[in-house]
Structure formats: C-alpha cells, structure tokens
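Student: Below you'll find model_13.pdb; it's PDB, C-alpha atoms.
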```pdb
ATOM      1  CA  MET A1237       0.000   0.000   0.000  1.00  0.00           C
ATOM      2  CA  SER A1238       1.331   3.407  -0.906  1.00  0.00           C
ATOM      3  CA  GLN A1239       1.761   6.185   1.659  1.00  0.00           C
ATOM      4  CA  ALA A1240      -0.824   8.273  -0.183  1.00  0.00           C
ATOM      5  CA  ALA A1241      -3.453   5.575   0.388  1.00  0.00           C
ATOM      6  CA  ASN A1242      -3.080   6.104   4.148  1.00  0.00           C
ATOM      7  CA  LEU A1243      -4.304   9.705   3.798  1.00  0.00           C
ATOM      8  CA  TYR A1244      -7.848   8.644   2.957  1.00  0.00           C
ATOM      9  CA  PRO A1245     -10.416   6.910   5.134  1.00  0.00           C
ATOM     10  CA  SER A1246     -10.776   3.292   4.091  1.00  0.00           C
ATOM     11  CA  ASN A1247     -14.273   3.762   2.667  1.00  0.00           C
ATOM     12  CA  ILE A1248     -13.445   6.864   0.604  1.00  0.00           C
ATOM     13  CA  GLU A1249     -11.213   6.882  -2.415  1.00  0.00           C
ATOM     14  CA  PRO A1250      -9.590   9.999  -3.869  1.00  0.00           C
ATOM     15  CA  GLU A1251     -11.515  11.330  -6.859  1.00  0.00           C
ATOM     16  CA  GLN A1252     -10.053  12.333 -10.145  1.00  0.00           C
ATOM     17  CA  SER A1253     -12.916  14.816 -10.699  1.00  0.00           C
ATOM     18  CA  GLY A1254     -11.317  17.402  -8.424  1.00  0.00           C
ATOM     19  CA  VAL A1255     -13.890  17.017  -5.637  1.00  0.00           C
ATOM     20  CA  LYS A1256     -12.040  16.208  -2.448  1.00  0.00           C
ATOM     21  CA  TYR A1257     -13.407  13.607  -0.016  1.00  0.00           C
ATOM     22  CA  GLY A1258     -13.679  16.262   2.729  1.00  0.00           C
ATOM     23  CA  GLU A1259     -15.814  18.442   0.480  1.00  0.00           C
ATOM     24  CA  ARG A1260     -18.120  15.495  -0.203  1.00  0.00           C
ATOM     25  CA  LEU A1261     -18.426  14.760   3.522  1.00  0.00           C
ATOM     26  CA  ILE A1262     -19.220  18.411   4.291  1.00  0.00           C
ATOM     27  CA  GLU A1263     -21.775  18.609   1.469  1.00  0.00           C
ATOM     28  CA  THR A1264     -23.662  15.571   2.746  1.00  0.00           C
ATOM     29  CA  GLY A1265     -23.098  16.265   6.448  1.00  0.00           C
ATOM     30  CA  GLN A1266     -26.081  15.679   8.703  1.00  0.00           C
ATOM     31  CA  LEU A1267     -26.377  15.799  12.453  1.00  0.00           C
ATOM     32  CA  ILE A1268     -25.969  12.329  13.907  1.00  0.00           C
ATOM     33  CA  THR A1269     -26.959  11.461  17.453  1.00  0.00           C
ATOM     34  CA  PHE A1270     -26.401   8.612  19.861  1.00  0.00           C
ATOM     35  CA  PRO A1271     -28.248   7.572  23.042  1.00  0.00           C
ATOM     36  CA  ASN A1272     -27.599   9.714  26.110  1.00  0.00           C
ATOM     37  CA  PRO A1273     -25.593   7.498  28.480  1.00  0.00           C
ATOM     38  CA  ARG A1274     -27.184   9.199  31.523  1.00  0.00           C
ATOM     39  CA  ILE A1275     -30.872   9.689  30.758  1.00  0.00           C
ATOM     40  CA  GLY A1276     -32.551  11.245  33.757  1.00  0.00           C
ATOM     41  CA  ARG A1277     -29.461  13.117  34.942  1.00  0.00           C
ATOM     42  CA  LYS A1278     -29.569  16.789  34.077  1.00  0.00           C
ATOM     43  CA  TYR A1279     -26.141  17.953  32.855  1.00  0.00           C
ATOM     44  CA  ASP A1280     -24.741  20.557  30.486  1.00  0.00           C
ATOM     45  CA  ILE A1281     -22.716  19.900  27.361  1.00  0.00           C
ATOM     46  CA  SER A1282     -20.764  22.925  26.086  1.00  0.00           C
ATOM     47  CA  ILE A1283     -19.209  23.013  22.625  1.00  0.00           C
ATOM     48  CA  SER A1284     -17.325  25.831  20.933  1.00  0.00           C
ATOM     49  CA  LEU A1285     -16.837  26.015  17.189  1.00  0.00           C
ATOM     50  CA  PRO A1286     -14.245  28.745  16.510  1.00  0.00           C
ATOM     51  CA  GLU A1287     -14.113  28.477  12.709  1.00  0.00           C
ATOM     52  CA  PHE A1288     -17.694  29.123  11.583  1.00  0.00           C
ATOM     53  CA  THR A1289     -17.986  30.869   8.229  1.00  0.00           C
ATOM     54  CA  CYS A1290     -20.800  31.891   5.922  1.00  0.00           C
ATOM     55  CA  LYS A1291     -21.217  34.588   3.271  1.00  0.00           C
ATOM     56  CA  CYS A1292     -23.051  37.880   3.527  1.00  0.00           C
ATOM     57  CA  PRO A1293     -26.178  37.609   1.343  1.00  0.00           C
ATOM     58  CA  PHE A1294     -25.789  41.266   0.274  1.00  0.00           C
ATOM     59  CA  SER A1295     -22.063  41.700  -0.391  1.00  0.00           C
ATOM     60  CA  GLY A1296     -20.825  38.130  -0.754  1.00  0.00           C
ATOM     61  CA  TYR A1297     -18.026  38.883   1.727  1.00  0.00           C
ATOM     62  CA  PRO A1298     -17.192  36.083   4.123  1.00  0.00           C
ATOM     63  CA  ASP A1299     -18.364  36.344   7.712  1.00  0.00           C
ATOM     64  CA  PHE A1300     -16.471  34.610  10.501  1.00  0.00           C
ATOM     65  CA  ALA A1301     -17.747  33.687  13.943  1.00  0.00           C
ATOM     66  CA  THR A1302     -17.201  31.547  16.976  1.00  0.00           C
ATOM     67  CA  LEU A1303     -20.265  29.517  17.876  1.00  0.00           C
ATOM     68  CA  TYR A1304     -20.968  28.536  21.467  1.00  0.00           C
ATOM     69  CA  LEU A1305     -23.479  25.723  21.911  1.00  0.00           C
ATOM     70  CA  THR A1306     -24.611  24.656  25.372  1.00  0.00           C
ATOM     71  CA  TYR A1307     -27.346  22.098  25.834  1.00  0.00           C
ATOM     72  CA  VAL A1308     -28.965  19.771  28.336  1.00  0.00           C
ATOM     73  CA  PRO A1309     -29.544  16.446  26.576  1.00  0.00           C
ATOM     74  CA  ASP A1310     -32.697  14.406  26.963  1.00  0.00           C
ATOM     75  CA  GLU A1311     -32.538  11.046  25.204  1.00  0.00           C
ATOM     76  CA  LYS A1312     -29.945  11.897  22.518  1.00  0.00           C
ATOM     77  CA  VAL A1313     -26.491  13.477  22.328  1.00  0.00           C
ATOM     78  CA  VAL A1314     -24.962  14.932  19.147  1.00  0.00           C
ATOM     79  CA  GLU A1315     -21.915  13.219  17.650  1.00  0.00           C
ATOM     80  CA  LEU A1316     -19.181  15.850  17.409  1.00  0.00           C
ATOM     81  CA  LYS A1317     -17.728  15.010  13.993  1.00  0.00           C
ATOM     82  CA  SER A1318     -21.179  15.211  12.432  1.00  0.00           C
ATOM     83  CA  LEU A1319     -21.672  18.601  14.091  1.00  0.00           C
ATOM     84  CA  LYS A1320     -18.369  19.815  12.654  1.00  0.00           C
ATOM     85  CA  LEU A1321     -19.292  18.672   9.134  1.00  0.00           C
ATOM     86  CA  TYR A1322     -22.782  20.164   9.427  1.00  0.00           C
ATOM     87  CA  ILE A1323     -21.375  23.532  10.562  1.00  0.00           C
ATOM     88  CA  ASN A1324     -18.746  23.530   7.798  1.00  0.00           C
ATOM     89  CA  ASN A1325     -21.574  23.228   5.257  1.00  0.00           C
ATOM     90  CA  TYR A1326     -22.402  26.897   5.929  1.00  0.00           C
ATOM     91  CA  ARG A1327     -19.086  28.147   4.509  1.00  0.00           C
ATOM     92  CA  ASP A1328     -20.469  28.791   1.017  1.00  0.00           C
ATOM     93  CA  ARG A1329     -24.033  29.757   1.985  1.00  0.00           C
ATOM     94  CA  TYR A1330     -25.269  33.295   1.468  1.00  0.00           C
ATOM     95  CA  ILE A1331     -27.086  33.735   4.771  1.00  0.00           C
ATOM     96  CA  SER A1332     -27.467  36.471   7.360  1.00  0.00           C
ATOM     97  CA  HIS A1333     -26.010  36.237  10.847  1.00  0.00           C
ATOM     98  CA  GLU A1334     -29.508  36.100  12.303  1.00  0.00           C
ATOM     99  CA  GLU A1335     -30.815  33.412   9.985  1.00  0.00           C
ATOM    100  CA  SER A1336     -27.710  31.207  10.260  1.00  0.00           C
ATOM    101  CA  ILE A1337     -27.830  31.044  14.062  1.00  0.00           C
ATOM    102  CA  ASN A1338     -31.589  30.474  14.149  1.00  0.00           C
ATOM    103  CA  GLN A1339     -31.389  27.760  11.468  1.00  0.00           C
ATOM    104  CA  ILE A1340     -28.539  25.949  13.212  1.00  0.00           C
ATOM    105  CA  LEU A1341     -30.493  25.875  16.481  1.00  0.00           C
ATOM    106  CA  ASP A1342     -33.646  24.679  14.678  1.00  0.00           C
ATOM    107  CA  ASP A1343     -31.734  21.833  13.016  1.00  0.00           C
ATOM    108  CA  PHE A1344     -29.980  20.933  16.265  1.00  0.00           C
ATOM    109  CA  VAL A1345     -33.274  20.799  18.185  1.00  0.00           C
ATOM    110  CA  ALA A1346     -34.860  18.688  15.428  1.00  0.00           C
ATOM    111  CA  ALA A1347     -31.977  16.190  15.595  1.00  0.00           C
ATOM    112  CA  CYS A1348     -31.419  16.002  19.362  1.00  0.00           C
ATOM    113  CA  SER A1349     -34.620  17.204  21.030  1.00  0.00           C
ATOM    114  CA  PRO A1350     -32.661  18.533  24.027  1.00  0.00           C
ATOM    115  CA  LEU A1351     -34.299  19.657  27.263  1.00  0.00           C
ATOM    116  CA  GLU A1352     -32.612  23.042  26.799  1.00  0.00           C
ATOM    117  CA  ALA A1353     -30.242  24.535  24.241  1.00  0.00           C
ATOM    118  CA  ASN A1354     -28.520  27.882  23.810  1.00  0.00           C
ATOM    119  CA  LEU A1355     -26.562  28.904  20.729  1.00  0.00           C
ATOM    120  CA  LYS A1356     -24.492  32.070  20.571  1.00  0.00           C
ATOM    121  CA  GLY A1357     -22.834  33.309  17.378  1.00  0.00           C
ATOM    122  CA  ASP A1358     -20.077  35.826  18.105  1.00  0.00           C
ATOM    123  CA  PHE A1359     -19.248  37.289  14.693  1.00  0.00           C
ATOM    124  CA  ASN A1360     -15.907  38.949  14.027  1.00  0.00           C
ATOM    125  CA  PRO A1361     -16.146  42.720  13.565  1.00  0.00           C
ATOM    126  CA  ARG A1362     -16.378  43.968  10.005  1.00  0.00           C
ATOM    127  CA  GLY A1363     -16.562  47.631   9.092  1.00  0.00           C
ATOM    128  CA  ASN A1364     -16.404  48.586  12.776  1.00  0.00           C
ATOM    129  CA  VAL A1365     -19.553  46.524  13.571  1.00  0.00           C
ATOM    130  CA  HIS A1366     -19.514  43.598  15.996  1.00  0.00           C
ATOM    131  CA  THR A1367     -22.578  41.346  16.088  1.00  0.00           C
ATOM    132  CA  VAL A1368     -23.561  38.692  18.631  1.00  0.00           C
ATOM    133  CA  ILE A1369     -26.689  36.604  18.012  1.00  0.00           C
ATOM    134  CA  GLU A1370     -28.013  34.391  20.805  1.00  0.00           C
ATOM    135  CA  VAL A1371     -30.993  32.037  20.571  1.00  0.00           C
ATOM    136  CA  SER A1372     -32.463  29.589  23.067  1.00  0.00           C
ATOM    137  CA  HIS A1373     -34.751  26.588  23.188  1.00  0.00           C
ATOM    138  CA  ARG A1374     -36.503  24.987  26.148  1.00  0.00           C
ATOM    139  CA  LYS A1375     -38.516  21.792  25.807  1.00  0.00           C
ATOM    140  CA  GLU A1376     -42.113  22.239  26.878  1.00  0.00           C
ATOM    141  CA  ASP A1377     -43.349  20.052  29.733  1.00  0.00           C
ATOM    142  CA  ASN A1378     -45.918  17.546  28.602  1.00  0.00           C
TER     143      ASN A1378
END
```
As structure tokens, what does this structure read like?

Tutor:
Amino acid sequence: MSQAANLYPSNIEPEQSGVKYGERLIETGQLITFPNPRIGRKYDISISLPEFTCKCPFSGYPDFATLYLTYVPDEKVVELKSLKLYINNYRDRYISHEESINQILDDFVAACSPLEANLKGDFNPRGNVHTVIEVSHRKEDN
C-alpha cells in the first residue's frame, strides 16, 4: 500500500474529478446522534466552534464567527464530527447572521430534542460593527 493511500479513510477513495473527499463529507453532512448514556441526569454539554464561516447575502463577503453551543440532553447526544461537518456546510451559503444562528439551532433541536439549548454566534467585527446573536430553546413540559 502506498503512503498516499493512508491519507484517505478506508471507505473513501480519492476522486479524479477534483472534488475532495472532505468536500463530499461536508456537502452531505447531517447531524448524527447517539443515546444519552445518563438519561434522567440533568447535565450541560458545552461546545465551541471557533471556525464558523458563511457569506453575507448582500455583499458576498465572508463572515467569521465563533459559535458557542450549550445544551442539556434528553434522550440523545450529538456526535461531534457530524456537528463539525454540518457547521462547515455553511461556509459557502449566502445567509445572514440572524438566519444562520436560528437555522442551526432549529436543526440541532430537530436532531437532538434537548431539554434546553442555547446557541451564541459571536461574529468577528467587520466595518467597525460587531454582532452577537443568541438564541435559546426549552422543551415544553408535557
């Protein structure tokens, strides 16, 4: 086996078409969950994603942010690699700060159904403007 073959996951072969395997994984990335190992115990999970990018829908300029996700799981926990791939899918989307953070929380809640979730997008200043968007979710008692 060549050394180059070791650079690729065993189930993904390099493509001659110019599309890299990482780009394919990002394009098809979906949030994956697994069973909460401590159902019934209320605990916080905090995740930071310091390399979030999207594009301004008006100018096309890139926007950069650090995302801070904190949630209290119910029956499911998000798998971190799937979260990374899902978040990286925003890099070429023309989407506002407000819509991106709200959409990410909506998708996260749909996948995990947490008891509580808070997502904060701290966008890098551009043109002397610094924006922070924060959205929350709390599961209704049945």

Student: Can you pull out every residue within 12 Å of Ile1281 in chain A, counting all atoms listed in the file, but drop anything in the same chain fewer than 5 positions away, and send it as a list of chain:residue names?

Tutor: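 The filter keeps A:Asn1272, A:Tyr1304, A:Leu1305, A:Thr1306, A:Tyr1307, A:Val1308, A:Pro1309, A:Asp1310, A:Lys1312, A:Val1313, A:Val1314, A:Glu1315, A:Leu1316, A:Pro1350, A:Leu1351, A:Glu1352, A:Ala1353, A:Asn1354, A:Leu1355.
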
Student: Which one is closest to Glu1335 in chain A: A:Leu1261, A:Pro1293, A:Pro1286, A:Leu1267? Count all atoms listed in the file.

Tutor: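 The answer is A:Pro1293, which sits nearest to Glu1335 in chain A.
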
Student: Tell me, as an MDAnalysis selection string, which residues lie within 12 Å of Val1368 in chain A, counting only C-alpha atoms; anything in the same chain fewer than 4 positions away does not count.

Tutor: chainID A and resid 1300:1304 1333:1334 1336:1337 1355:1361

Student: So what does the PyMOL selection byres ((chain A and resi 1328) around 9) actually pick up in this one, as a PyMOL selection string?

Tutor: chain A and resi 1289-1291+1298+1324-1327+1329-1330

Student: Can you work out which one of A:Tyr1297, A:Tyr1322, A:Ser1284, A:Pro1273 has the shortest atom-to-atom distance to Arg1260 in chain A, counting all atoms listed in the file?

Tutor: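 Of A:Tyr1297, A:Tyr1322, A:Ser1284, A:Pro1273, the one nearest Arg1260 in chain A, counting all atoms listed in the file, is A:Tyr1322.
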
Student: Nearest to Ile1340 in chain A among A:His1373, A:Lys1256, A:Arg1362, A:Lys1317, with distances taken over only C-alpha atoms: which residue is it?

Tutor: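 Looking at the shortest contact to Ile1340 in chain A, the residue is A:His1373.
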
Student: Quick one: distance from CA of Phe1288 in chain A to CA of Ile1331 in chain A in Å, one decimal?

Tutor: 12.5 Å

Student: Restricting the calculation to all atoms listed in the file, which member of A:Glu1311, A:Ile1369, A:Leu1321, A:Ala1346 is positioned closest to Lys1278 in chain A?

Tutor: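 Closest to Lys1278 in chain A of all the choices is A:Glu1311.
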
Student: Expressed in Å to a single decimal, how great is the separation between CA of Gln1266 in chain A and CA of Ser1318 in chain A?

Tutor: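 We find that CA of Gln1266 in chain A and CA of Ser1318 in chain A lie 6.2 Å from each other.
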
Student: Could you state the separation of CA of Leu1319 in chain A and CA of Ser1295 in chain A in Å, given to one decimal place?

Tutor: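 Computing it gives 27.3 Å between the two atoms.
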
Student: Counting only C-alpha atoms, which of A:Cys1292, A:Cys1348, A:Val1371, A:Val1365 gets nearest to Phe1270 in chain A?

Tutor: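 Nearest to Phe1270 in chain A: A:Cys1348.
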
Student: Give me the box for range 1341-1353 of chain A as lines of an AutoDock Vina configuration file, namely the centre and edge lengths in Å to one decimal of a box along x, y and z that holds every listed atom plus 3 Å on each side.

Tutor:
```
center_x = -32.4
center_y = 20.9
center_z = 20.1
size_x = 10.9
size_y = 15.9
size_z = 20.2
```

Student: Mind filling out range 1293-1321 of chain A with N, CA and C atoms and sending it as a JSON list (two decimals), in the frame of the given file?

Tutor:
```json
[["chain", "number", "residue", "atom", "x", "y", "z"],
["A", 1293, "PRO", "N", -25.28, 37.73, 2.49],
["A", 1293, "PRO", "CA", -26.18, 37.61, 1.34],
["A", 1293, "PRO", "C", -26.26, 38.89, 0.50],
["A", 1294, "PHE", "N", -25.73, 40.00, 1.00],
["A", 1294, "PHE", "CA", -25.79, 41.27, 0.27],
["A", 1294, "PHE", "C", -24.49, 41.56, -0.47],
["A", 1295, "SER", "N", -23.35, 41.36, 0.22],
["A", 1295, "SER", "CA", -22.06, 41.70, -0.39],
["A", 1295, "SER", "C", -21.31, 40.49, -0.93],
["A", 1296, "GLY", "N", -21.60, 39.32, -0.39],
["A", 1296, "GLY", "CA", -20.82, 38.13, -0.75],
["A", 1296, "GLY", "C", -19.54, 37.98, 0.03],
["A", 1297, "TYR", "N", -19.23, 38.97, 0.89],
["A", 1297, "TYR", "CA", -18.03, 38.88, 1.73],
["A", 1297, "TYR", "C", -18.19, 37.77, 2.74],
["A", 1298, "PRO", "N", -17.09, 37.13, 3.10],
["A", 1298, "PRO", "CA", -17.19, 36.08, 4.12],
["A", 1298, "PRO", "C", -17.40, 36.69, 5.51],
["A", 1299, "ASP", "N", -18.18, 36.01, 6.31],
["A", 1299, "ASP", "CA", -18.36, 36.34, 7.71],
["A", 1299, "ASP", "C", -17.78, 35.21, 8.54],
["A", 1300, "PHE", "N", -17.13, 35.58, 9.63],
["A", 1300, "PHE", "CA", -16.47, 34.61, 10.50],
["A", 1300, "PHE", "C", -17.03, 34.75, 11.90],
["A", 1301, "ALA", "N", -17.21, 33.64, 12.59],
["A", 1301, "ALA", "CA", -17.75, 33.69, 13.94],
["A", 1301, "ALA", "C", -17.25, 32.51, 14.75],
["A", 1302, "THR", "N", -17.34, 32.66, 16.05],
["A", 1302, "THR", "CA", -17.20, 31.55, 16.98],
["A", 1302, "THR", "C", -18.59, 31.23, 17.48],
["A", 1303, "LEU", "N", -18.97, 29.96, 17.38],
["A", 1303, "LEU", "CA", -20.26, 29.52, 17.88],
["A", 1303, "LEU", "C", -20.06, 28.85, 19.23],
["A", 1304, "TYR", "N", -20.97, 29.14, 20.13],
["A", 1304, "TYR", "CA", -20.97, 28.54, 21.47],
["A", 1304, "TYR", "C", -22.31, 27.84, 21.65],
["A", 1305, "LEU", "N", -22.27, 26.52, 21.73],
["A", 1305, "LEU", "CA", -23.48, 25.72, 21.91],
["A", 1305, "LEU", "C", -23.43, 25.09, 23.29],
["A", 1306, "THR", "N", -24.46, 25.31, 24.08],
["A", 1306, "THR", "CA", -24.61, 24.66, 25.37],
["A", 1306, "THR", "C", -25.99, 24.03, 25.39],
["A", 1307, "TYR", "N", -26.04, 22.74, 25.78],
["A", 1307, "TYR", "CA", -27.35, 22.10, 25.83],
["A", 1307, "TYR", "C", -27.42, 21.07, 26.95],
["A", 1308, "VAL", "N", -28.66, 20.80, 27.35],
["A", 1308, "VAL", "CA", -28.96, 19.77, 28.34],
["A", 1308, "VAL", "C", -29.64, 18.65, 27.55],
["A", 1309, "PRO", "N", -28.96, 17.51, 27.39],
["A", 1309, "PRO", "CA", -29.54, 16.45, 26.58],
["A", 1309, "PRO", "C", -30.72, 15.77, 27.27],
["A", 1310, "ASP", "N", -31.61, 15.23, 26.45],
["A", 1310, "ASP", "CA", -32.70, 14.41, 26.96],
["A", 1310, "ASP", "C", -32.33, 12.96, 26.65],
["A", 1311, "GLU", "N", -32.82, 12.43, 25.55],
["A", 1311, "GLU", "CA", -32.54, 11.05, 25.20],
["A", 1311, "GLU", "C", -31.37, 10.88, 24.23],
["A", 1312, "LYS", "N", -30.99, 11.98, 23.54],
["A", 1312, "LYS", "CA", -29.94, 11.90, 22.52],
["A", 1312, "LYS", "C", -28.86, 12.95, 22.74],
["A", 1313, "VAL", "N", -27.66, 12.59, 22.29],
["A", 1313, "VAL", "CA", -26.49, 13.48, 22.33],
["A", 1313, "VAL", "C", -25.96, 13.57, 20.90],
["A", 1314, "VAL", "N", -25.48, 14.76, 20.51],
["A", 1314, "VAL", "CA", -24.96, 14.93, 19.15],
["A", 1314, "VAL", "C", -23.54, 14.36, 19.04],
["A", 1315, "GLU", "N", -23.26, 13.73, 17.94],
["A", 1315, "GLU", "CA", -21.92, 13.22, 17.65],
["A", 1315, "GLU", "C", -21.10, 14.39, 17.10],
["A", 1316, "LEU", "N", -19.93, 14.62, 17.68],
["A", 1316, "LEU", "CA", -19.18, 15.85, 17.41],
["A", 1316, "LEU", "C", -18.67, 15.98, 15.98],
["A", 1317, "LYS", "N", -18.22, 14.90, 15.37],
["A", 1317, "LYS", "CA", -17.73, 15.01, 13.99],
["A", 1317, "LYS", "C", -18.87, 15.40, 13.05],
["A", 1318, "SER", "N", -20.05, 14.85, 13.29],
["A", 1318, "SER", "CA", -21.18, 15.21, 12.43],
["A", 1318, "SER", "C", -21.54, 16.68, 12.62],
["A", 1319, "LEU", "N", -21.41, 17.19, 13.84],
["A", 1319, "LEU", "CA", -21.67, 18.60, 14.09],
["A", 1319, "LEU", "C", -20.67, 19.47, 13.34],
["A", 1320, "LYS", "N", -19.41, 19.07, 13.38],
["A", 1320, "LYS", "CA", -18.37, 19.82, 12.65],
["A", 1320, "LYS", "C", -18.67, 19.86, 11.16],
["A", 1321, "LEU", "N", -19.01, 18.72, 10.57],
["A", 1321, "LEU", "CA", -19.29, 18.67, 9.13],
["A", 1321, "LEU", "C", -20.54, 19.48, 8.79]]
```
